[in-house]
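Notes follow once the structure below has been shown.
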Amino acid sequence: MAIIVTQKGDFNITEKYLRKIHKADYRPILERYANVGVSLLRSATPKDTGQTADSWSYRVVINKTKFSIQWLNNHTNDGVPIVILLQYGHGTTGGTFVEGRDFINPPMRPLFEKISEDIWKEVTSL
């Protein structure tokens, strides 16, 4: 038994569309949402001194295969990222454990959904 597949035509329309998507400049959209994310993270970060909240930044990465936003926090103590300790918890020198608090995901989840929605609109409107 043989399966035979034939096709007529070409992929010119699809290829034209994909080239258009590839050439589009998504940086302004990504930058806008990156800044919104930094604001959300700053306001949601637990504040003692405020240093961790003030240490949020972002990096937009665009290359041939992906577009991404990376949110960064550079506040450390002895090389340990404070934001990780706050998010996931940590042991103390006295032997107790300070439970973490998920302060990152709740404010960022709606932003991720909005980014997805807006990028989809942008891509499908080309």
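We label chains A, B, ... in the order they appear in the structure tokens, count residues from 1 in each chain, and number ligands from 1 in the order shown.
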Exercise for review: Using DSSP on the backbone coordinates, identify the residues of chain A assigned to strand (DSSP E or B); present them as an MDAnalysis selection string.
Suggested key: chainID A and resid 56:62 67:73 76:77 80:81 89:91 97:99
Closest atom pairs, stretch 23-51 of chain A residues within 12 Å of stretch 66-72 of chain A, only C-alpha atoms, as a Markdown table:
```
| residue | atom | partner | partner_atom | distance |
| --- | --- | --- | --- | --- |
| A:Ala24 | CA | A:Phe67 | CA | 11.6 |
| A:Asp25 | CA | A:Phe67 | CA | 10.5 |
| A:Tyr26 | CA | A:Phe67 | CA | 8.2 |
| A:Arg27 | CA | A:Phe67 | CA | 8.6 |
| A:Pro28 | CA | A:Ile69 | CA | 11.8 |
| A:Ile29 | CA | A:Ile69 | CA | 10.6 |
| A:Leu30 | CA | A:Ile69 | CA | 6.8 |
| A:Glu31 | CA | A:Ile69 | CA | 8.2 |
| A:Arg32 | CA | A:Ile69 | CA | 10.5 |
| A:Tyr33 | CA | A:Ile69 | CA | 8.5 |
| A:Ala34 | CA | A:Ile69 | CA | 6.4 |
| A:Asn35 | CA | A:Trp71 | CA | 9.5 |
| A:Val36 | CA | A:Trp71 | CA | 10.7 |
| A:Gly37 | CA | A:Trp71 | CA | 7.6 |
| A:Val38 | CA | A:Trp71 | CA | 7.1 |
| A:Ser39 | CA | A:Trp71 | CA | 10.9 |
| A:Leu40 | CA | A:Trp71 | CA | 11.0 |
| A:Leu41 | CA | A:Trp71 | CA | 8.9 |
| A:Arg42 | CA | A:Trp71 | CA | 11.1 |
```
Go ahead and write the selection's residues with all heavy atoms as a compact mmCIF listing (two decimals), in the first residue's frame.
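Output contents, as saved in selection-v5.txt:
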```txt
# COMPACT_ATOMS: atom_id res chain seq x y z
N ALA A 24 8.91 42.99 10.82
CA ALA A 24 8.19 43.95 11.67
C ALA A 24 9.04 44.30 12.90
O ALA A 24 9.81 43.49 13.40
CB ALA A 24 6.86 43.36 12.11
N ASP A 25 8.88 45.53 13.35
CA ASP A 25 9.63 46.00 14.51
C ASP A 25 8.76 45.89 15.76
O ASP A 25 7.88 46.72 15.99
CB ASP A 25 10.07 47.45 14.30
CG ASP A 25 10.91 47.98 15.44
OD1 ASP A 25 11.37 47.17 16.28
OD2 ASP A 25 11.12 49.20 15.50
N TYR A 26 9.00 44.86 16.55
CA TYR A 26 8.23 44.62 17.77
C TYR A 26 8.87 45.27 18.99
O TYR A 26 8.30 45.23 20.07
CB TYR A 26 8.05 43.11 18.01
CG TYR A 26 7.29 42.45 16.89
CD1 TYR A 26 7.93 41.64 15.97
CD2 TYR A 26 5.93 42.66 16.74
CE1 TYR A 26 7.23 41.05 14.94
CE2 TYR A 26 5.22 42.07 15.71
CZ TYR A 26 5.88 41.27 14.81
OH TYR A 26 5.18 40.69 13.79
N ARG A 27 10.05 45.87 18.83
CA ARG A 27 10.74 46.45 19.97
C ARG A 27 9.89 47.48 20.73
O ARG A 27 9.84 47.42 21.96
CB ARG A 27 12.09 47.06 19.56
CG ARG A 27 12.86 47.58 20.77
CD ARG A 27 14.28 47.99 20.43
NE ARG A 27 15.12 46.86 20.09
CZ ARG A 27 15.71 46.05 20.97
NH1 ARG A 27 15.54 46.25 22.26
NH2 ARG A 27 16.45 45.06 20.58
N PRO A 28 9.19 48.41 20.06
CA PRO A 28 8.39 49.38 20.84
C PRO A 28 7.33 48.72 21.73
O PRO A 28 7.13 49.14 22.87
CB PRO A 28 7.74 50.25 19.76
CG PRO A 28 8.64 50.13 18.59
CD PRO A 28 9.18 48.73 18.63
N ILE A 29 6.69 47.68 21.23
CA ILE A 29 5.69 46.98 22.04
C ILE A 29 6.36 46.30 23.22
O ILE A 29 5.91 46.39 24.36
CB ILE A 29 4.94 45.93 21.18
CG1 ILE A 29 4.14 46.61 20.08
CG2 ILE A 29 4.03 45.06 22.04
CD1 ILE A 29 3.60 45.67 19.05
N LEU A 30 7.47 45.62 22.95
CA LEU A 30 8.18 44.91 24.01
C LEU A 30 8.73 45.88 25.05
O LEU A 30 8.65 45.62 26.26
CB LEU A 30 9.31 44.05 23.42
CG LEU A 30 8.85 42.92 22.51
CD1 LEU A 30 10.05 42.28 21.83
CD2 LEU A 30 8.05 41.89 23.27
N GLU A 31 9.28 47.01 24.61
CA GLU A 31 9.80 48.03 25.54
C GLU A 31 8.68 48.57 26.43
O GLU A 31 8.87 48.76 27.63
CB GLU A 31 10.46 49.18 24.77
CG GLU A 31 11.72 48.80 24.02
CD GLU A 31 12.97 48.84 24.88
OE1 GLU A 31 12.91 49.39 26.00
OE2 GLU A 31 13.99 48.31 24.41
N ARG A 32 7.53 48.83 25.83
CA ARG A 32 6.40 49.37 26.59
C ARG A 32 6.00 48.38 27.70
O ARG A 32 5.84 48.77 28.86
CB ARG A 32 5.22 49.64 25.66
CG ARG A 32 4.00 50.18 26.36
CD ARG A 32 2.95 50.64 25.37
NE ARG A 32 2.90 49.80 24.20
CZ ARG A 32 1.81 49.13 23.81
NH1 ARG A 32 0.70 49.22 24.48
NH2 ARG A 32 1.83 48.38 22.72
N TYR A 33 5.86 47.12 27.33
CA TYR A 33 5.46 46.13 28.33
C TYR A 33 6.57 45.82 29.32
O TYR A 33 6.31 45.50 30.47
CB TYR A 33 4.94 44.87 27.66
CG TYR A 33 3.55 45.08 27.12
CD1 TYR A 33 3.28 44.96 25.78
CD2 TYR A 33 2.51 45.42 27.98
CE1 TYR A 33 2.01 45.18 25.29
CE2 TYR A 33 1.23 45.65 27.50
CZ TYR A 33 0.99 45.52 26.16
OH TYR A 33 -0.27 45.75 25.69
N ALA A 34 7.81 45.93 28.89
CA ALA A 34 8.93 45.73 29.81
C ALA A 34 8.88 46.79 30.92
O ALA A 34 9.07 46.47 32.10
CB ALA A 34 10.25 45.80 29.06
N ASN A 35 8.62 48.03 30.54
CA ASN A 35 8.50 49.10 31.53
C ASN A 35 7.31 48.90 32.45
O ASN A 35 7.41 49.14 33.66
CB ASN A 35 8.40 50.46 30.83
CG ASN A 35 9.75 50.97 30.40
OD1 ASN A 35 10.67 51.06 31.20
ND2 ASN A 35 9.89 51.29 29.12
N VAL A 36 6.19 48.45 31.91
CA VAL A 36 5.02 48.16 32.75
C VAL A 36 5.38 47.07 33.75
O VAL A 36 5.05 47.16 34.94
CB VAL A 36 3.81 47.74 31.88
CG1 VAL A 36 2.68 47.20 32.74
CG2 VAL A 36 3.32 48.91 31.04
N GLY A 37 6.08 46.03 33.28
CA GLY A 37 6.49 44.94 34.16
C GLY A 37 7.38 45.42 35.29
O GLY A 37 7.21 45.00 36.44
N VAL A 38 8.33 46.30 34.98
CA VAL A 38 9.21 46.84 36.02
C VAL A 38 8.37 47.59 37.06
O VAL A 38 8.57 47.42 38.27
CB VAL A 38 10.30 47.75 35.42
CG1 VAL A 38 10.99 48.58 36.50
CG2 VAL A 38 11.34 46.91 34.67
N SER A 39 7.41 48.38 36.61
CA SER A 39 6.56 49.11 37.56
C SER A 39 5.75 48.16 38.44
O SER A 39 5.64 48.37 39.65
CB SER A 39 5.60 50.04 36.80
OG SER A 39 6.31 51.04 36.14
N LEU A 40 5.19 47.12 37.82
CA LEU A 40 4.42 46.13 38.59
C LEU A 40 5.30 45.43 39.62
O LEU A 40 4.90 45.24 40.77
CB LEU A 40 3.79 45.10 37.66
CG LEU A 40 2.65 45.58 36.78
CD1 LEU A 40 2.29 44.52 35.74
CD2 LEU A 40 1.44 45.95 37.61
N LEU A 41 6.48 45.03 39.20
CA LEU A 41 7.40 44.33 40.10
C LEU A 41 7.86 45.23 41.24
O LEU A 41 7.94 44.80 42.39
CB LEU A 41 8.58 43.77 39.33
CG LEU A 41 8.25 42.60 38.40
CD1 LEU A 41 9.38 42.35 37.43
CD2 LEU A 41 7.92 41.36 39.21
N ARG A 42 8.16 46.48 40.93
CA ARG A 42 8.57 47.43 41.98
C ARG A 42 7.48 47.60 43.02
O ARG A 42 7.75 47.61 44.23
CB ARG A 42 8.92 48.78 41.37
CG ARG A 42 10.28 48.82 40.77
CD ARG A 42 10.65 50.21 40.30
NE ARG A 42 11.99 50.17 39.73
CZ ARG A 42 12.41 50.92 38.73
NH1 ARG A 42 11.59 51.82 38.20
NH2 ARG A 42 13.63 50.80 38.27
```
Self-check item: DSSP-assigned alpha helix (DSSP H) members of chain A, reported as a ChimeraX atom specification
Solution: /A:12-23,27-44,82-88,105-124
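Around A:Gly50, within 12 Å and counting only C-alpha atoms, the residues found are Arg42, Ser43, Ala44, Trp56, His75, Ile82 and Val83 of chain A, once anything fewer than 6 positions away on its own chain is removed.
Proximity to A:Leu85 at 12 Å, evaluated using only C-alpha atoms and with sequence-adjacent residues fewer than 5 positions away removed, yields A:Thr45, A:Pro46, A:Thr52, A:His75, A:Thr76, A:Asn77, A:Gly79, A:Val80, A:His90, A:Gly91, A:Thr92, A:Phe97, A:Val98, A:Glu99, A:Gly100, A:Arg101, A:Asp102, A:Phe103.
Nearest to A:Asn105 of all the residues A:Asn12, A:Tyr17, A:Asp118, A:Gln87 is A:Gln87, counting only C-alpha atoms.
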